[in-house]
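**Student:** Below is the file structure39.cif, with mmCIF, C-alpha atoms and all ligand atoms.
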```
data_data
loop_
_atom_site.group_PDB
_atom_site.id
_atom_site.type_symbol
_atom_site.label_atom_id
_atom_site.label_comp_id
_atom_site.auth_asym_id
_atom_site.auth_seq_id
_atom_site.Cartn_x
_atom_site.Cartn_y
_atom_site.Cartn_z
ATOM 1 C CA MET J 1 39.768 10.102 -9.937
ATOM 2 C CA GLY J 2 41.523 9.330 -13.202
ATOM 3 C CA LEU J 3 42.492 6.161 -14.959
ATOM 4 C CA GLN J 4 44.683 3.436 -13.437
ATOM 5 C CA SER J 5 45.820 0.489 -15.566
ATOM 6 C CA PRO J 6 46.908 -2.922 -14.276
ATOM 7 C CA PRO J 7 50.681 -3.045 -13.701
ATOM 8 C CA ALA J 8 53.156 -3.330 -16.570
ATOM 9 C CA LEU J 9 56.670 -4.708 -16.199
ATOM 10 C CA LEU J 10 59.989 -2.853 -16.005
ATOM 11 C CA ALA J 11 63.421 -4.447 -15.672
ATOM 12 C CA ARG J 12 66.768 -2.714 -15.464
ATOM 13 C CA GLY J 13 70.370 -3.809 -15.167
ATOM 14 C CA VAL J 14 73.880 -3.762 -16.616
ATOM 15 C CA ALA J 15 75.383 -5.784 -19.472
ATOM 16 C CA MET J 16 78.348 -6.272 -21.804
ATOM 17 C CA SER J 17 80.981 -6.541 -19.039
ATOM 18 C CA GLN J 18 79.171 -3.733 -17.181
ATOM 19 C CA GLN J 19 79.869 -1.265 -19.984
ATOM 20 C CA VAL J 20 76.199 -0.535 -20.661
ATOM 21 C CA LYS J 21 73.013 -0.141 -18.641
ATOM 22 C CA PHE J 22 69.661 -1.296 -19.934
ATOM 23 C CA ALA J 23 65.943 -1.066 -19.265
ATOM 24 C CA VAL J 24 63.228 -3.311 -20.709
ATOM 25 C CA ALA J 25 59.509 -2.550 -20.474
ATOM 26 C CA ILE J 26 56.554 -4.772 -21.328
ATOM 27 C CA THR J 27 53.744 -2.250 -21.468
ATOM 28 C CA THR J 28 50.701 -4.070 -22.878
ATOM 29 C CA PRO J 29 48.411 -2.850 -20.023
ATOM 30 C CA ILE J 30 49.570 0.728 -20.689
ATOM 31 C CA ALA J 31 48.794 0.355 -24.393
ATOM 32 C CA GLU J 32 45.292 -0.876 -23.504
ATOM 33 C CA ALA J 33 44.798 2.177 -21.296
ATOM 34 C CA VAL J 34 45.916 4.413 -24.188
ATOM 35 C CA LEU J 35 43.194 2.852 -26.355
ATOM 36 C CA ALA J 36 40.565 3.242 -23.623
ATOM 37 C CA ALA J 37 41.434 6.853 -22.811
ATOM 38 C CA HIS J 38 42.065 8.258 -26.275
ATOM 39 C CA LYS J 39 40.164 6.059 -28.776
ATOM 40 C CA PRO J 40 43.080 6.728 -31.112
ATOM 41 C CA SER J 41 43.560 5.940 -34.787
ATOM 42 C CA PRO J 42 45.890 2.964 -35.442
ATOM 43 C CA GLN J 43 48.781 5.381 -36.056
ATOM 44 C CA GLY J 44 47.821 7.458 -33.025
ATOM 45 C CA ALA J 45 47.713 4.315 -30.878
ATOM 46 C CA ILE J 46 51.244 3.430 -31.901
ATOM 47 C CA ALA J 47 52.642 6.942 -31.389
ATOM 48 C CA LEU J 48 51.035 7.377 -27.961
ATOM 49 C CA THR J 49 51.932 3.879 -26.770
ATOM 50 C CA ARG J 50 55.554 4.252 -27.874
ATOM 51 C CA ALA J 51 55.864 7.617 -26.138
ATOM 52 C CA ALA J 52 54.369 6.100 -22.964
ATOM 53 C CA THR J 53 56.760 3.136 -23.150
ATOM 54 C CA ALA J 54 59.690 5.510 -23.757
ATOM 55 C CA VAL J 55 59.035 7.525 -20.595
ATOM 56 C CA ALA J 56 58.499 4.296 -18.630
ATOM 57 C CA LEU J 57 61.968 3.172 -19.762
ATOM 58 C CA LEU J 58 63.438 6.577 -18.910
ATOM 59 C CA SER J 59 61.875 6.462 -15.434
ATOM 60 C CA THR J 60 64.531 3.872 -14.527
ATOM 61 C CA THR J 61 67.184 6.599 -14.925
ATOM 62 C CA LEU J 62 65.522 9.053 -12.497
ATOM 63 C CA LYS J 63 66.410 9.918 -8.954
ATOM 64 C CA GLU J 64 63.912 10.446 -6.152
ATOM 65 C CA ARG J 65 61.074 12.887 -6.845
ATOM 66 C CA GLN J 66 62.217 13.484 -10.420
ATOM 67 C CA GLN J 67 59.901 13.232 -13.439
ATOM 68 C CA VAL J 68 60.578 12.799 -17.125
ATOM 69 C CA GLY J 69 58.549 14.213 -20.002
ATOM 70 C CA LEU J 70 58.790 13.556 -23.725
ATOM 71 C CA GLN J 71 57.298 16.071 -26.104
ATOM 72 C CA MET J 72 57.064 15.838 -29.877
ATOM 73 C CA ASN J 73 55.891 18.957 -31.663
ATOM 74 C CA GLY J 74 55.512 17.743 -35.222
ATOM 75 C CA GLU J 75 53.649 19.421 -38.022
ATOM 76 C CA GLY J 76 51.768 16.166 -38.734
ATOM 77 C CA PRO J 77 48.017 15.816 -37.998
ATOM 78 C CA LEU J 78 48.633 14.214 -34.593
ATOM 79 C CA GLY J 79 49.697 17.611 -33.229
ATOM 80 C CA GLU J 80 51.648 17.925 -30.021
ATOM 81 C CA LEU J 81 52.374 14.587 -28.325
ATOM 82 C CA TYR J 82 53.299 14.633 -24.654
ATOM 83 C CA ALA J 83 54.099 11.731 -22.332
ATOM 84 C CA LEU J 84 55.397 11.808 -18.805
ATOM 85 C CA SER J 85 56.413 9.439 -16.041
ATOM 86 C CA THR J 86 57.272 9.718 -12.390
ATOM 87 C CA ARG J 87 60.246 7.820 -10.995
ATOM 88 C CA GLU J 88 57.742 5.285 -9.624
ATOM 89 C CA GLY J 89 56.599 4.522 -13.179
ATOM 90 C CA ALA J 90 53.231 6.329 -13.118
ATOM 91 C CA VAL J 91 52.881 7.040 -16.844
ATOM 92 C CA ARG J 92 50.427 9.171 -18.800
ATOM 93 C CA VAL J 93 50.264 10.487 -22.341
ATOM 94 C CA THR J 94 48.192 12.832 -24.481
ATOM 95 C CA ALA J 95 48.151 14.156 -28.031
ATOM 96 C CA HIS J 96 46.306 17.016 -29.648
ATOM 97 C CA ASN J 97 44.518 14.806 -32.219
ATOM 98 C CA PRO J 98 44.972 11.149 -31.217
ATOM 99 C CA ARG J 99 42.396 10.062 -33.811
ATOM 100 C CA ALA J 100 44.291 11.574 -36.738
ATOM 101 C CA SER J 101 45.788 9.467 -39.545
ATOM 102 C CA ALA J 102 48.151 10.256 -42.404
ATOM 103 C CA ALA J 103 49.396 8.454 -45.478
ATOM 104 C CA PRO J 104 51.216 6.143 -45.799
ATOM 105 C CA GLU J 105 49.014 4.074 -43.513
ATOM 106 C CA GLY J 106 50.880 2.215 -40.791
ATOM 107 C CA GLU J 107 53.822 4.599 -40.749
ATOM 108 C CA VAL J 108 53.844 6.331 -37.422
ATOM 109 C CA GLY J 109 56.320 9.020 -38.547
ATOM 110 C CA ALA J 110 53.766 10.279 -41.083
ATOM 111 C CA VAL J 111 51.225 11.210 -38.431
ATOM 112 C CA VAL J 112 53.901 12.923 -36.291
ATOM 113 C CA GLY J 113 55.609 14.893 -39.058
ATOM 114 C CA GLU J 114 58.735 17.030 -38.889
ATOM 115 C CA GLY J 115 59.374 19.304 -35.954
ATOM 116 C CA ARG J 116 60.922 19.365 -32.498
ATOM 117 C CA PHE J 117 61.641 16.547 -30.046
ATOM 118 C CA THR J 118 62.081 17.677 -26.442
ATOM 119 C CA LEU J 119 63.027 15.773 -23.331
ATOM 120 C CA ILE J 120 62.135 17.437 -20.021
ATOM 121 C CA LYS J 121 63.569 16.197 -16.763
ATOM 122 C CA THR J 122 61.901 17.786 -13.757
ATOM 123 C CA LEU J 123 64.265 17.785 -10.818
ATOM 124 C CA ALA J 124 63.207 17.200 -7.210
ATOM 125 C CA SER J 125 63.278 20.989 -6.700
ATOM 126 C CA GLY J 126 60.659 21.324 -9.458
ATOM 127 C CA ALA J 127 63.146 22.972 -11.814
ATOM 128 C CA PRO J 128 62.881 21.628 -15.380
ATOM 129 C CA TYR J 129 65.907 20.652 -17.468
ATOM 130 C CA ARG J 130 65.085 20.647 -21.184
ATOM 131 C CA GLY J 131 66.890 19.487 -24.298
ATOM 132 C CA THR J 132 65.512 19.820 -27.807
ATOM 133 C CA VAL J 133 66.575 18.273 -31.123
ATOM 134 C CA PRO J 134 64.822 18.049 -34.490
ATOM 135 C CA ILE J 135 62.431 15.100 -34.857
ATOM 136 C CA PHE J 136 64.587 12.479 -36.589
ATOM 137 C CA THR J 137 62.114 9.941 -38.032
ATOM 138 C CA GLY J 138 59.021 10.408 -35.856
ATOM 139 C CA THR J 139 59.052 6.728 -34.886
ATOM 140 C CA VAL J 140 59.856 7.717 -31.267
ATOM 141 C CA ALA J 141 62.552 5.064 -30.625
ATOM 142 C CA GLU J 142 64.936 6.482 -33.223
ATOM 143 C CA ASP J 143 64.154 9.993 -32.062
ATOM 144 C CA LEU J 144 65.068 9.092 -28.500
ATOM 145 C CA ALA J 145 68.363 7.488 -29.552
ATOM 146 C CA TYR J 146 69.113 10.499 -31.765
ATOM 147 C CA TYR J 147 68.347 12.870 -28.881
ATOM 148 C CA PHE J 148 70.814 11.165 -26.537
ATOM 149 C CA ALA J 149 73.505 10.866 -29.190
ATOM 150 C CA THR J 150 73.343 14.532 -30.227
ATOM 151 C CA SER J 151 72.052 16.450 -27.210
ATOM 152 C CA GLU J 152 73.775 14.546 -24.413
ATOM 153 C CA GLN J 153 76.565 12.724 -26.310
ATOM 154 C CA VAL J 154 75.540 9.398 -24.788
ATOM 155 C CA PRO J 155 75.504 6.513 -27.287
ATOM 156 C CA THR J 156 72.043 4.950 -26.991
ATOM 157 C CA VAL J 157 70.137 2.097 -28.601
ATOM 158 C CA CYS J 158 66.348 2.095 -28.275
ATOM 159 C CA ALA J 159 63.590 -0.020 -29.805
ATOM 160 C CA LEU J 160 59.852 0.284 -29.256
ATOM 161 C CA GLY J 161 57.289 -2.070 -30.733
ATOM 162 C CA GLU J 162 53.764 -3.324 -30.571
ATOM 163 C CA ARG J 163 51.348 -5.796 -32.092
ATOM 164 C CA VAL J 164 47.915 -4.336 -32.703
ATOM 165 C CA GLU J 165 45.271 -6.399 -34.470
ATOM 166 C CA GLY J 166 41.734 -5.295 -35.212
ATOM 167 C CA GLY J 167 41.976 -2.434 -32.727
ATOM 168 C CA ARG J 168 43.166 -4.771 -29.954
ATOM 169 C CA VAL J 169 46.637 -4.431 -28.479
ATOM 170 C CA LEU J 170 48.109 -7.898 -28.217
ATOM 171 C CA ALA J 171 51.492 -6.710 -26.942
ATOM 172 C CA ALA J 172 53.627 -3.585 -26.504
ATOM 173 C CA GLY J 173 57.022 -2.790 -25.077
ATOM 174 C CA GLY J 174 60.604 -1.912 -25.800
ATOM 175 C CA TYR J 175 64.135 -1.540 -24.539
ATOM 176 C CA PHE J 176 66.720 1.138 -23.991
ATOM 177 C CA VAL J 177 70.496 0.607 -23.767
ATOM 178 C CA GLN J 178 73.069 3.281 -22.929
ATOM 179 C CA ALA J 179 76.845 3.239 -22.718
ATOM 180 C CA LEU J 180 78.056 3.855 -19.170
ATOM 181 C CA PRO J 181 80.689 6.552 -18.582
ATOM 182 C CA GLY J 182 84.125 5.352 -19.678
ATOM 183 C CA ALA J 183 82.824 2.630 -22.012
ATOM 184 C CA PRO J 184 84.581 2.525 -25.403
ATOM 185 C CA GLU J 185 82.444 3.953 -28.218
ATOM 186 C CA GLU J 186 82.562 0.693 -30.157
ATOM 187 C CA VAL J 187 80.555 -1.050 -27.484
ATOM 188 C CA LEU J 188 77.266 0.176 -28.927
ATOM 189 C CA ASP J 189 78.430 -0.499 -32.499
ATOM 190 C CA VAL J 190 78.666 -4.163 -31.501
ATOM 191 C CA LEU J 191 75.192 -3.964 -30.025
ATOM 192 C CA GLU J 192 73.722 -2.215 -33.067
ATOM 193 C CA ALA J 193 75.053 -4.956 -35.321
ATOM 194 C CA ARG J 194 73.426 -7.544 -33.050
ATOM 195 C CA VAL J 195 70.100 -5.674 -33.077
ATOM 196 C CA LEU J 196 70.010 -5.810 -36.884
ATOM 197 C CA ALA J 197 70.241 -9.605 -36.754
ATOM 198 C CA LEU J 198 67.444 -9.993 -34.181
ATOM 199 C CA PRO J 199 63.938 -11.163 -35.083
ATOM 200 C CA PRO J 200 61.308 -8.354 -34.982
ATOM 201 C CA LEU J 201 60.715 -6.973 -31.486
ATOM 202 C CA GLN J 202 56.998 -7.731 -31.687
ATOM 203 C CA ASP J 203 57.787 -11.446 -31.928
ATOM 204 C CA ALA J 204 59.666 -11.276 -28.619
ATOM 205 C CA LEU J 205 56.837 -9.226 -27.081
ATOM 206 C CA MET J 206 54.321 -11.912 -28.071
ATOM 207 C CA SER J 207 56.375 -14.684 -26.458
ATOM 208 C CA GLU J 208 55.856 -16.297 -23.042
ATOM 209 C CA ALA J 209 58.957 -14.728 -21.476
ATOM 210 C CA PRO J 210 59.577 -11.488 -23.375
ATOM 211 C CA VAL J 211 62.113 -9.921 -20.990
ATOM 212 C CA ALA J 212 64.428 -12.941 -21.038
ATOM 213 C CA LEU J 213 64.064 -13.302 -24.808
ATOM 214 C CA ILE J 214 64.923 -9.635 -25.411
ATOM 215 C CA LEU J 215 67.904 -9.674 -23.034
ATOM 216 C CA ASP J 216 69.266 -12.978 -24.377
ATOM 217 C CA GLY J 217 68.934 -11.620 -27.903
ATOM 218 C CA LEU J 218 70.737 -8.389 -27.084
ATOM 219 C CA PHE J 219 73.457 -9.596 -24.761
ATOM 220 C CA GLY J 220 73.723 -13.380 -25.001
ATOM 221 C CA GLY J 221 74.312 -14.363 -21.378
ATOM 222 C CA ASP J 222 76.336 -11.245 -20.561
ATOM 223 C CA TYR J 223 73.868 -9.270 -18.461
ATOM 224 C CA GLU J 224 72.748 -8.829 -14.894
ATOM 225 C CA GLN J 225 69.221 -7.778 -13.922
ATOM 226 C CA LEU J 226 69.456 -5.424 -10.965
ATOM 227 C CA GLU J 227 65.800 -4.663 -10.458
ATOM 228 C CA ARG J 228 62.326 -5.635 -11.577
ATOM 229 C CA SER J 229 59.576 -3.172 -10.891
ATOM 230 C CA GLU J 230 56.146 -2.138 -12.109
ATOM 231 C CA CYS J 231 54.860 0.773 -14.110
ATOM 232 C CA ALA J 232 51.285 1.661 -15.051
ATOM 233 C CA TYR J 233 49.123 4.161 -16.832
ATOM 234 C CA ALA J 234 48.107 6.302 -13.879
ATOM 235 C CA CYS J 235 46.420 9.671 -14.190
ATOM 236 C CA PRO J 236 46.364 11.567 -10.897
ATOM 237 C CA CYS J 237 43.634 13.965 -11.994
ATOM 238 C CA GLU J 238 40.945 14.816 -9.446
ATOM 239 C CA ARG J 239 38.009 17.122 -9.061
ATOM 240 C CA PRO J 240 39.647 19.863 -6.938
ATOM 241 C CA ARG J 241 42.234 20.474 -9.654
ATOM 242 C CA PHE J 242 39.530 21.103 -12.251
ATOM 243 C CA ALA J 243 37.727 23.378 -9.804
ATOM 244 C CA ARG J 244 40.945 25.380 -9.484
ATOM 245 C CA THR J 245 41.175 25.537 -13.297
ATOM 246 C CA LEU J 246 37.656 26.994 -13.391
ATOM 247 C CA LEU J 247 38.640 29.529 -10.734
ATOM 248 C CA THR J 248 41.385 30.874 -12.971
ATOM 249 C CA LEU J 249 38.676 32.019 -15.412
ATOM 250 C CA GLY J 250 37.673 34.716 -12.923
ATOM 251 C CA ARG J 251 34.348 35.762 -11.423
ATOM 252 C CA GLU J 252 32.940 37.464 -14.508
ATOM 253 C CA GLU J 253 33.537 34.610 -16.947
ATOM 254 C CA LEU J 254 32.357 31.992 -14.437
ATOM 255 C CA THR J 255 29.128 33.930 -13.879
ATOM 256 C CA ARG J 256 28.552 34.105 -17.608
ATOM 257 C CA LEU J 257 29.111 30.341 -17.985
ATOM 258 C CA ARG J 258 26.796 29.550 -15.076
ATOM 259 C CA ASP J 259 23.984 31.673 -16.490
ATOM 260 C CA GLU J 260 24.414 30.186 -19.968
ATOM 261 C CA ASP J 261 24.480 26.453 -19.175
ATOM 262 C CA GLU J 262 22.969 23.968 -16.738
ATOM 263 C CA GLN J 263 26.437 22.655 -16.043
ATOM 264 C CA ILE J 264 30.027 22.783 -17.217
ATOM 265 C CA THR J 265 31.883 19.580 -18.000
ATOM 266 C CA LEU J 266 35.667 19.457 -18.217
ATOM 267 C CA GLU J 267 37.527 16.477 -19.615
ATOM 268 C CA CYS J 268 41.026 15.363 -18.568
ATOM 269 C CA HIS J 269 43.349 15.357 -21.592
ATOM 270 C CA PHE J 270 45.321 12.425 -20.212
ATOM 271 C CA CYS J 271 42.557 9.968 -19.301
ATOM 272 C CA ALA J 272 39.240 11.379 -20.595
ATOM 273 C CA ALA J 273 37.724 11.414 -17.091
ATOM 274 C CA GLU J 274 34.898 13.967 -16.979
ATOM 275 C CA TYR J 275 34.238 16.435 -14.192
ATOM 276 C CA SER J 276 30.887 18.243 -14.182
ATOM 277 C CA PHE J 277 29.984 21.310 -12.162
ATOM 278 C CA ASN J 278 26.305 22.250 -11.831
ATOM 279 C CA ARG J 279 24.889 25.752 -11.220
ATOM 280 C CA GLU J 280 25.023 25.428 -7.444
ATOM 281 C CA GLU J 281 28.625 24.306 -7.518
ATOM 282 C CA LEU J 282 29.521 27.082 -9.930
ATOM 283 C CA SER J 283 27.850 29.638 -7.667
ATOM 284 C CA ALA J 284 29.940 28.365 -4.772
ATOM 285 C CA LEU J 285 33.067 28.723 -6.905
ATOM 286 C CA ILE J 286 32.052 32.221 -7.973
ATOM 287 C CA SER J 287 31.732 33.394 -4.390
ATOM 288 C CA GLY J 288 35.309 32.277 -3.865
ATOM 289 C CA ALA J 289 36.611 33.703 -7.159
ATOM 290 C CA LYS J 290 38.347 37.018 -7.671
HETATM 291 ZN ZN ZN J 301 43.028 12.258 -15.862
#
```
Can you present the structure in this file as structure tokens?
**Tutor:**
Amino acid sequence: MGLQSPPALLARGVAMSQQVKFAVAITTPIAEAVLAAHKPSPQGAIALTRAATAVALLSTTLKERQQVGLQMNGEGPLGELYALSTREGAVRVTAHNPRASAAPEGEVGAVVGEGRFTLIKTLASGAPYRGTVPIFTGTVAEDLAYYFATSEQVPTVCALGERVEGGRVLAAGGYFVQALPGAPEEVLDVLEARVLALPPLQDALMSEAPVALILDGLFGGDYEQLERSECAYACPCERPRFARTLLTLGREELTRLRDEDEQITLECHFCAAEYSFNREELSALISGAK
């Protein structure tokens, strides 16, 4: 069974005379799971944690049995970055080279590079709905806001932040604000001006009551929290799924692998859990393979 982090916090509600909806996520336990699973570079840690926080925030917009995925295909050394969340806030993330770095140090956009940003909503029927825009800055939050503004014409403000010191994640999280249908366009202009005057997000994340501090900063007193829930890094991987993956190799290839090695070990890309199959187990698979 894969990785399961302690719960992280999600809050959602409406604000600004009910003209916008918001979500806030405090995802420090998810960031710690990212470090444990991927042993990423400092830039990789930030990119993966922000993508995980982004899908956690987006999970508050889903309906039953829907999932949301965020994919960044940049030409930077990180390679493809992919995060997904269920509606229940079970989050996981992977990248092709999480340990990669790029100059200038500390700039997450440099490790992502230019390319495509894709949002994938999987409907309850299993059908995917995809939208793709160019990567805007590679900092994830700005890319998400850019995606909604251009691809879905929904004015959106998003911020994602973290405090990482000496390889330890002290805090991570972010927020996401969208205009509700019928709201005047200026409503988010007002908000954007307010955001510019706020202290850095990581200061709020490090505080005793980060959700209240973020919401008070964004909306003054003009907001209503509708729900508080939990999200977590949760990889649902399990042995039978990896056995099925081996089966897809076919009888001939499986036989070759069995005769070559004592055992085969597969690693989950999302949580680094390892699944080993010895010769006996491979023989059993082979007798069931085509
Ligand atoms: Zn896994």
**Student:** Starting from the PyMOL selection byres (((chain J and resi 55) around 9) and not hetatm), expand the selection into actual residues of this file and give them as number ranges by chain.
**Tutor:** J: 50-54, 56-60, 68-70, 83-86, 89, 91-92
**Student:** Expanded to explicit residues, what is the PyMOL selection byres (((chain J and resi 223) around 7) and not hetatm) for this file, as number ranges by chain?
**Tutor:** J: 14-16, 219, 221-222, 224-225
**Student:** Of the candidates J:Thr94, J:Thr27, J:Gln18, J:Gln66, which shows the shortest atom-to-atom distance to ligand ZN 301 (chain J), using only C-alpha atoms and all ligand atoms?
**Tutor:** J:Thr94
**Student:** Might you spell out which residues the PyMOL selection byres (((chain J and resi 24) around 9) and not hetatm) would select in the displayed file, as JSON, numbers by chain?
**Tutor:** {"J": [9, 10, 11, 12, 22, 23, 25, 26, 57, 173, 174, 175, 176, 177, 211, 214, 215]}
**Student:** Can you work out which residues are within 9 Å of ligand ZN 301 (chain J), considering all atoms listed in the file, and then hand them over as a ChimeraX atom specification?
**Tutor:** /J:1-3,37,92,234-238,267-274
**Student:** In Å, rounded to a single decimal, give me how far CA of Glu230 (chain J) is from CA of Ala124 (chain J).
**Tutor:**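 Taking CA of Ala124 (chain J) as the start and CA of Glu230 (chain J) as the end point, the length is 21.2 Å.
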**Student:** Do you know which residues are at most 8 Å from Val169 (chain J) counting only C-alpha atoms, after dropping those on the same chain fewer than 5 positions away, and could you put them as an NGL selection string?
**Tutor:** :J and (28 or 31-32 or 162-164)
**Student:** Residues proximal to (49.4, 16.0, -35.0) were defined as those with any atom within 10 Å of that point in the file's coordinates, counting all atoms listed in the file. Which are they, as a PyMOL selection string?
**Tutor:** chain J and resi 44+72-81+95-102+110-113
**Student:** I'd like the interatomic distance between CA of Val195 (chain J) and CA of Pro181 (chain J), to a tenth of an Å.
**Tutor:** 21.7 Å
**Student:** Could you give me, as a PyMOL selection string, the residues that sit within 10 Å of (28.6, 24.7, -17.9) in the file's coordinates, counting only C-alpha atoms?
**Tutor:** chain J and resi 254+256-266+276-279+282
**Student:** Please indicate the distance in Å from CA of Thr49 (chain J) to CA of Ala243 (chain J), rounded to one decimal place.
**Tutor:**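 For CA of Thr49 (chain J) relative to CA of Ala243 (chain J), the distance reads 29.5 Å.
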**Student:** Nearest to Phe117 (chain J) among J:Tyr129, J:Tyr147, J:Thr139, J:His38, with distances taken over all atoms listed in the file: which residue is it?
**Tutor:** J:Tyr147
